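Here is the file run-v6.csv (CSV, C-alpha atoms).
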chain,number,residue,atom,x,y,z
A,1,MET,CA,99.2,84.0,120.9
A,2,LYS,CA,96.8,86.8,121.9
A,3,MET,CA,97.4,90.0,123.8
A,4,GLU,CA,94.9,92.8,124.7
A,5,PHE,CA,95.6,96.3,125.8
A,6,SER,CA,93.3,99.0,127.2
A,7,VAL,CA,93.9,102.5,125.7
A,8,ARG,CA,92.6,105.7,127.3
A,9,GLY,CA,91.7,108.7,125.3
A,10,MET,CA,94.0,111.7,125.7
A,11,ASP,CA,96.6,109.8,127.7
A,12,PHE,CA,99.7,110.9,125.9
A,13,THR,CA,102.0,109.8,128.7
A,14,ARG,CA,101.1,106.2,128.2
A,15,ALA,CA,100.3,106.4,124.5
A,16,GLY,CA,102.6,104.0,122.5
A,17,GLU,CA,103.1,101.6,125.4
A,18,ALA,CA,100.8,99.0,123.8
A,19,ALA,CA,102.6,99.3,120.5
A,20,ALA,CA,106.0,98.9,122.2
A,21,LYS,CA,104.8,95.7,124.0
A,22,ILE,CA,103.5,94.4,120.7
A,23,LYS,CA,106.9,95.0,119.1
A,24,ASN,CA,108.7,93.1,121.9
A,25,ALA,CA,106.2,90.2,121.7
A,26,LEU,CA,106.6,89.8,118.0
A,27,GLN,CA,110.4,89.9,118.2
A,28,MET,CA,110.3,87.3,121.0
A,29,VAL,CA,108.3,84.9,118.9
A,30,GLY,CA,110.7,85.3,116.0
A,31,MET,CA,108.5,87.1,113.4
A,32,GLU,CA,110.4,88.4,110.3
A,33,VAL,CA,112.0,91.8,110.7
A,34,ALA,CA,109.8,93.3,108.0
A,35,THR,CA,106.7,91.9,109.6
A,36,VAL,CA,107.6,93.4,112.9
A,37,ARG,CA,108.3,96.8,111.4
A,38,LYS,CA,105.0,96.9,109.6
A,39,ALA,CA,103.1,95.6,112.6
A,40,VAL,CA,104.7,98.3,114.8
A,41,ILE,CA,103.6,101.0,112.5
A,42,VAL,CA,100.0,99.6,112.4
A,43,ALA,CA,99.9,99.2,116.1
A,44,TYR,CA,101.3,102.6,117.0
A,45,GLU,CA,99.1,104.5,114.5
A,46,ALA,CA,96.0,102.6,115.6
A,47,GLU,CA,96.8,103.1,119.3
A,48,LEU,CA,97.3,106.9,118.7
A,49,ASN,CA,94.1,107.2,116.8
A,50,ILE,CA,92.3,105.9,119.9
A,51,VAL,CA,94.2,108.3,122.2
A,52,ILE,CA,93.7,111.3,119.9
A,53,HIS,CA,90.1,110.8,118.8
A,54,ALA,CA,88.3,108.4,121.1
A,55,ARG,CA,87.3,108.2,124.8
A,56,GLN,CA,88.8,104.8,125.2
A,57,GLY,CA,89.5,101.6,123.3
A,58,THR,CA,91.2,98.3,123.1
A,59,LEU,CA,94.1,97.2,121.0
A,60,THR,CA,94.3,93.4,120.4
A,61,LEU,CA,97.2,91.4,119.0
A,62,SER,CA,96.7,87.9,117.6
A,63,VAL,CA,99.8,86.1,116.3
A,64,SER,CA,99.9,82.9,114.2
A,65,PRO,CA,103.1,81.6,112.5
A,66,ASP,CA,101.9,83.0,109.1
A,67,ARG,CA,100.3,86.3,110.2
A,68,VAL,CA,99.8,89.1,112.7
A,69,GLU,CA,96.4,90.5,113.3
A,70,ILE,CA,95.9,93.8,115.0
A,71,THR,CA,92.4,95.0,116.0
A,72,ALA,CA,91.6,98.5,117.4
A,73,GLU,CA,88.2,99.0,118.8
A,74,ASP,CA,87.1,102.2,120.4
A,75,GLU,CA,84.2,104.2,122.0
A,76,GLY,CA,84.2,107.6,120.5
A,77,PRO,CA,82.8,110.0,117.9
A,78,GLY,CA,83.2,107.5,115.0
A,79,ILE,CA,84.3,108.5,111.4
A,80,PRO,CA,81.5,110.1,109.3
A,81,ASP,CA,83.3,109.6,106.0
A,82,ILE,CA,85.8,106.8,106.0
A,83,ALA,CA,86.9,107.4,102.4
A,84,LEU,CA,87.8,111.0,103.4
A,85,ALA,CA,89.6,109.8,106.5
A,86,MET,CA,91.7,107.5,104.3
A,87,GLN,CA,93.0,110.4,102.2
A,88,GLU,CA,96.6,111.3,102.9
A,89,GLY,CA,96.9,114.6,104.7
A,90,TYR,CA,93.3,114.7,105.9
A,91,SER,CA,93.1,115.1,109.7
A,92,THR,CA,90.6,116.1,112.3
A,93,ALA,CA,93.2,116.5,115.0
A,94,PRO,CA,92.9,119.8,116.9
A,95,PRO,CA,95.7,122.4,117.0
A,96,HIS,CA,97.1,121.4,120.4
A,97,ILE,CA,97.5,117.8,119.1
A,98,ARG,CA,99.2,119.0,115.9
A,99,GLU,CA,101.7,121.0,118.1
A,100,MET,CA,102.8,117.6,119.5
A,101,GLY,CA,103.7,116.4,116.0
A,102,PHE,CA,100.5,114.5,115.3
A,103,GLY,CA,97.8,115.3,112.8
A,104,ALA,CA,99.7,114.7,109.6
A,105,GLY,CA,96.7,112.8,108.3
A,106,MET,CA,98.8,109.8,107.6
A,107,GLY,CA,97.5,107.4,110.3
A,108,LEU,CA,95.0,105.4,108.4
A,109,PRO,CA,96.9,105.6,105.1
A,110,ASN,CA,100.0,104.3,106.8
A,111,ILE,CA,98.0,101.4,108.4
A,112,LYS,CA,96.6,100.5,105.0
A,113,ARG,CA,100.1,100.7,103.4
A,114,CYS,CA,101.6,98.4,106.0
A,115,SER,CA,98.8,95.9,106.0
A,116,ASP,CA,98.0,93.0,103.6
A,117,GLN,CA,94.4,93.3,104.5
A,118,MET,CA,92.5,96.1,106.3
A,119,ASN,CA,88.9,96.5,107.3
A,120,ILE,CA,87.4,99.5,109.0
A,121,GLU,CA,83.9,100.0,110.3
A,122,SER,CA,82.5,103.0,112.1
A,123,GLU,CA,79.4,104.4,113.6
A,124,VAL,CA,79.0,108.1,114.3
A,125,ASN,CA,78.6,108.8,118.0
A,126,SER,CA,79.5,105.2,118.9
A,127,GLY,CA,82.9,104.2,117.8
A,128,THR,CA,85.3,102.6,115.3
A,129,ARG,CA,86.6,99.1,114.7
A,130,LEU,CA,89.7,98.5,112.6
A,131,ARG,CA,91.3,95.2,111.8
A,132,ALA,CA,94.6,94.9,110.0
A,133,THR,CA,96.4,91.7,108.9
A,134,ILE,CA,100.1,91.5,108.1
A,135,PHE,CA,101.3,88.2,106.6
A,136,ASN,CA,104.6,87.0,107.9
A,137,LYS,CA,106.5,86.7,104.6
A,138,ILE,CA,109.7,84.7,104.9
A,139,ASN,CA,112.7,86.4,103.4
A,140,GLY,CA,110.6,89.1,101.7
A,141,GLU,CA,108.6,86.6,99.5
B,1,MET,CA,128.3,110.3,118.2
B,2,HIS,CA,131.4,112.1,119.2
B,3,ASP,CA,131.7,113.4,115.7
B,4,VAL,CA,128.0,114.5,115.7
B,5,ILE,CA,128.6,116.4,118.9
B,6,THR,CA,131.5,118.3,117.4
B,7,ILE,CA,129.8,119.0,114.0
B,8,LEU,CA,126.7,120.3,115.6
B,9,ASP,CA,128.3,121.9,118.7
B,10,ALA,CA,125.8,119.9,120.7
B,11,GLU,CA,125.2,119.4,124.4
B,12,VAL,CA,124.7,115.9,125.7
B,13,ILE,CA,121.7,115.6,128.0
B,14,ALA,CA,121.3,111.8,128.3
B,15,GLY,CA,123.4,108.7,127.4
B,16,GLU,CA,126.8,110.2,128.4
B,17,SER,CA,128.3,106.7,128.6
B,18,LEU,CA,126.9,105.7,125.2
B,19,LEU,CA,128.7,108.2,122.9
B,20,ASP,CA,130.8,105.5,121.2
B,21,THR,CA,127.6,104.6,119.4
B,22,GLU,CA,127.9,104.7,115.7
B,23,VAL,CA,125.1,106.1,113.5
B,24,ASN,CA,125.0,105.2,109.8
B,25,ALA,CA,122.0,107.2,108.7
B,26,GLY,CA,120.1,110.4,109.6
B,27,PHE,CA,116.5,111.4,109.5
B,28,GLY,CA,115.2,114.9,110.2
B,29,CYS,CA,111.5,115.4,110.9
B,30,ASP,CA,109.0,117.2,113.0
B,31,LEU,CA,106.1,114.8,112.3
B,32,ILE,CA,105.5,111.7,114.4
B,33,SER,CA,104.0,109.6,111.6
B,34,ASP,CA,106.8,110.4,109.2
B,35,SER,CA,109.4,109.6,111.8
B,36,LEU,CA,107.8,106.3,112.4
B,37,CYS,CA,107.3,105.3,108.8
B,38,PHE,CA,110.3,106.7,106.9
B,39,SER,CA,113.3,106.6,109.2
B,40,ARG,CA,115.7,103.7,109.1
B,41,PRO,CA,116.7,101.5,112.1
B,42,ASP,CA,120.0,102.6,113.7
B,43,CYS,CA,119.5,106.1,112.4
B,44,LEU,CA,120.2,109.4,114.1
B,45,LEU,CA,116.9,111.2,114.5
B,46,LEU,CA,116.9,115.0,114.4
B,47,THR,CA,113.8,116.8,115.5
B,48,GLY,CA,112.3,119.8,117.3
B,49,LEU,CA,109.6,117.6,118.9
B,50,THR,CA,110.3,117.3,122.6
B,51,ASN,CA,107.3,115.4,123.9
B,52,ILE,CA,107.4,111.9,125.3
B,53,GLN,CA,106.1,110.4,122.1
B,54,ILE,CA,109.3,111.1,120.2
B,55,ILE,CA,111.2,108.8,122.7
B,56,ARG,CA,108.6,106.1,122.2
B,57,VAL,CA,108.9,106.4,118.4
B,58,ALA,CA,112.7,106.4,118.5
B,59,ASP,CA,112.6,103.3,120.6
B,60,MET,CA,110.2,101.5,118.3
B,61,ILE,CA,112.1,102.4,115.1
B,62,GLU,CA,115.4,101.5,117.0
B,63,ALA,CA,117.0,104.8,116.4
B,64,ARG,CA,120.5,105.1,117.9
B,65,ALA,CA,120.1,108.6,119.3
B,66,ILE,CA,118.1,111.8,119.1
B,67,VAL,CA,119.3,115.4,118.4
B,68,PHE,CA,116.9,118.1,119.5
B,69,VAL,CA,117.4,121.2,117.3
B,70,ARG,CA,116.6,124.9,117.7
B,71,GLY,CA,118.0,124.7,121.3
B,72,LYS,CA,114.9,122.7,122.4
B,73,LYS,CA,115.3,120.8,125.6
B,74,PRO,CA,112.8,118.1,126.7
B,75,GLY,CA,111.5,117.8,130.2
B,76,GLN,CA,113.0,115.6,132.9
B,77,ASP,CA,110.4,112.9,132.4
B,78,ILE,CA,111.4,112.6,128.8
B,79,ILE,CA,115.1,112.5,129.7
B,80,LEU,CA,114.4,109.8,132.3
B,81,LEU,CA,112.6,107.6,129.7
B,82,ALA,CA,115.5,108.0,127.3
B,83,ARG,CA,117.9,106.9,130.0
B,84,GLU,CA,115.8,103.8,130.6
B,85,LYS,CA,115.9,103.1,126.9
B,86,ASN,CA,119.6,103.7,126.7
B,87,LEU,CA,119.0,106.4,124.1
B,88,PRO,CA,121.5,109.2,123.9
B,89,LEU,CA,120.0,112.7,123.7
B,90,LEU,CA,121.8,115.8,122.3
B,91,VAL,CA,120.7,119.4,122.0
B,92,THR,CA,122.0,121.8,119.4
B,93,ARG,CA,121.1,125.5,118.9
B,94,ARG,CA,121.3,125.0,115.1
B,95,PHE,CA,118.1,124.7,113.1
B,96,LEU,CA,117.0,121.4,111.5
B,97,PHE,CA,118.0,122.4,107.9
B,98,GLU,CA,121.5,123.5,108.9
B,99,SER,CA,122.0,120.5,111.2
B,100,CYS,CA,121.0,118.0,108.5
B,101,GLY,CA,123.1,119.9,106.0
B,102,LEU,CA,126.2,119.8,108.2
B,103,LEU,CA,125.9,116.1,108.9
B,104,TYR,CA,125.3,115.4,105.2
B,105,GLN,CA,128.4,117.4,104.3
B,106,HIS,CA,130.3,115.1,106.7
B,107,GLY,CA,129.1,112.0,105.0
B,108,LEU,CA,125.9,111.0,106.8
B,109,ARG,CA,123.2,109.9,104.5
B,110,SER,CA,119.5,108.9,104.9
B,111,SER,CA,120.1,105.2,104.3
Rewrite the structure of this file - the entire thing - as structure tokens.
Amino acid sequence: MKMEFSVRGMDFTRAGEAAAKIKNALQMVGMEVATVRKAVIVAYEAELNIVIHARQGTLTLSVSPDRVEITAEDEGPGIPDIALAMQEGYSTAPPHIREMGFGAGMGLPNIKRCSDQMNIESEVNSGTRLRATIFNKINGE
Amino acid sequence: MHDVITILDAEVIAGESLLDTEVNAGFGCDLISDSLCFSRPDCLLLTGLTNIQIIRVADMIEARAIVFVRGKKPGQDIILLAREKNLPLLVTRRFLFESCGLLYQHGLRSS
């Protein structure tokens, strides 16, 4: 199963809708509870990264019986230093975004923590592509 | 939820017909990422964040209800979304620390 969602930068009214639809889809196909929870965290953080930092992007869900793959691709400023961006607490979110409760600097670290595999590529002044894989482990194996 | 309303002297602003809901855990937080990652399903979420994202997060983590602390009331669009999601919303004048402490005193834990 594959689903694709368009995400607009700075659209905080609709932000999170794609992640919510991903959650519903994964529950409908009967993925393990732990898999769904991790995928929801990955999807939401990836979606909000596009909303907060990029002009626009696409969130893609690909589901197989043994895994969930979430890809987030955006057009935006890119990430100059990925290792720095992966540090917990590091955030480039501006003050008005932090006032909304964002900008804890945990987005990418949380995606990594919830994924079994994660790959991120970025080009400054172009955009970022992130792919995260969550294996559907039966009964917490 | 009736007990929570009494303990926190809270006002109900959404989900008036859902107050028989039971909550078995609490989570107090003003950060979206932490609320998403560290709360438990079926928890009572306590927060000062009143933007629409806290409703989306509460829905995704399957929280049972939200208490807005410090007397903060969300806008009508947020209340409407909560009603759509069957999510009770309460408001208390108490601060986050005190609200969590009172609920803890009355037996509510984090997991």
Interface list for chain A, partner chain B, 9 Å threshold, only C-alpha atoms, as an mmCIF file with C-alpha atoms, in the frame of the given file:
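Full text of out_29.cif as output:
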data_model
loop_
_atom_site.group_PDB
_atom_site.id
_atom_site.type_symbol
_atom_site.label_atom_id
_atom_site.label_comp_id
_atom_site.auth_asym_id
_atom_site.auth_seq_id
_atom_site.Cartn_x
_atom_site.Cartn_y
_atom_site.Cartn_z
ATOM 1 C CA PHE A 12 99.700 110.900 125.900
ATOM 2 C CA THR A 13 102.000 109.800 128.700
ATOM 3 C CA ARG A 14 101.100 106.200 128.200
ATOM 4 C CA ALA A 15 100.300 106.400 124.500
ATOM 5 C CA GLY A 16 102.600 104.000 122.500
ATOM 6 C CA GLU A 17 103.100 101.600 125.400
ATOM 7 C CA ALA A 19 102.600 99.300 120.500
ATOM 8 C CA ALA A 20 106.000 98.900 122.200
ATOM 9 C CA LYS A 23 106.900 95.000 119.100
ATOM 10 C CA ARG A 37 108.300 96.800 111.400
ATOM 11 C CA LYS A 38 105.000 96.900 109.600
ATOM 12 C CA VAL A 40 104.700 98.300 114.800
ATOM 13 C CA ILE A 41 103.600 101.000 112.500
ATOM 14 C CA TYR A 44 101.300 102.600 117.000
ATOM 15 C CA GLU A 45 99.100 104.500 114.500
ATOM 16 C CA ARG A 98 99.200 119.000 115.900
ATOM 17 C CA GLU A 99 101.700 121.000 118.100
ATOM 18 C CA MET A 100 102.800 117.600 119.500
ATOM 19 C CA GLY A 101 103.700 116.400 116.000
ATOM 20 C CA PHE A 102 100.500 114.500 115.300
ATOM 21 C CA GLY A 103 97.800 115.300 112.800
ATOM 22 C CA ALA A 104 99.700 114.700 109.600
ATOM 23 C CA GLY A 105 96.700 112.800 108.300
ATOM 24 C CA MET A 106 98.800 109.800 107.600
ATOM 25 C CA GLY A 107 97.500 107.400 110.300
ATOM 26 C CA ASN A 110 100.000 104.300 106.800
#
A:Thr71, A:Gln87, A:Ser64, A:Thr133: which is nearest Val29 (chain A), counting all atoms listed in the file?
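When distances to Val29 (chain A) are compared using all atoms listed in the file, the smallest one comes from A:Ser64.
Relative to CA of Ile120 (chain A), CA of Asp81 (chain A) is found at 11.3 Å.
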CA of Asp74 (chain A) to CA of Val42 (chain A), distance in Å rounded to a single decimal:
15.4 Å
CA of Met31 (chain A) to CA of Lys137 (chain A), straight-line distance in Å
9.0 Å
Excluding same-chain residues fewer than 6 positions from Ala82 (chain B), what lies within 8 Å of it counting all atoms listed in the file, as a VMD selection string?
chain B and resid 14 to 15 55 88 to 89
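With distances restricted to only C-alpha atoms, A:Ser122 is the closest residue to Ile79 (chain A) from A:Ser115, A:Ser6, A:Ser122, A:Asn24.
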Nearest residue to Arg131 (chain A) out of A:Ala83, A:Leu59, A:Ile111, A:Ile70, using only C-alpha atoms?
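Among the listed residues, A:Ile70 lies closest to Arg131 (chain A).
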Tell me which of A:Gly57, A:Pro109, A:Gly89, A:Pro77 sits closest to Glu123 (chain A), counting all atoms listed in the file.
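Ranking A:Gly57, A:Pro109, A:Gly89, A:Pro77 by distance to Glu123 (chain A), first place goes to A:Pro77.
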A:Gly78, A:Pro95, A:Pro65, A:Gly127: which is nearest Glu32 (chain A), counting all atoms listed in the file?
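Using all atoms listed in the file, the shortest distance to Glu32 (chain A) belongs to A:Pro65.
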Residues near Leu108 (chain B), cut-off 6 Å, all atoms listed in the file, skip fewer than 4 positions along chain, as number ranges by chain:
B: 25, 103-104
Using all atoms listed in the file, which residue out of B:Arg94, B:Leu81, B:Arg40, B:Leu87 lies closest to Phe27 (chain B)?
B:Arg40
Excluding Phe68 (chain B) and residues on its chain fewer than 5 positions from it, collect all residues at most 6 Å away from it, counting only C-alpha atoms, and give them as a CSV table (one decimal) with C-alpha atoms, in the frame of the given file.
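For reference, result_26.csv as written:
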chain,number,residue,atom,x,y,z
B,46,LEU,CA,116.9,115.0,114.4
B,47,THR,CA,113.8,116.8,115.5
B,48,GLY,CA,112.3,119.8,117.3
B,91,VAL,CA,120.7,119.4,122.0
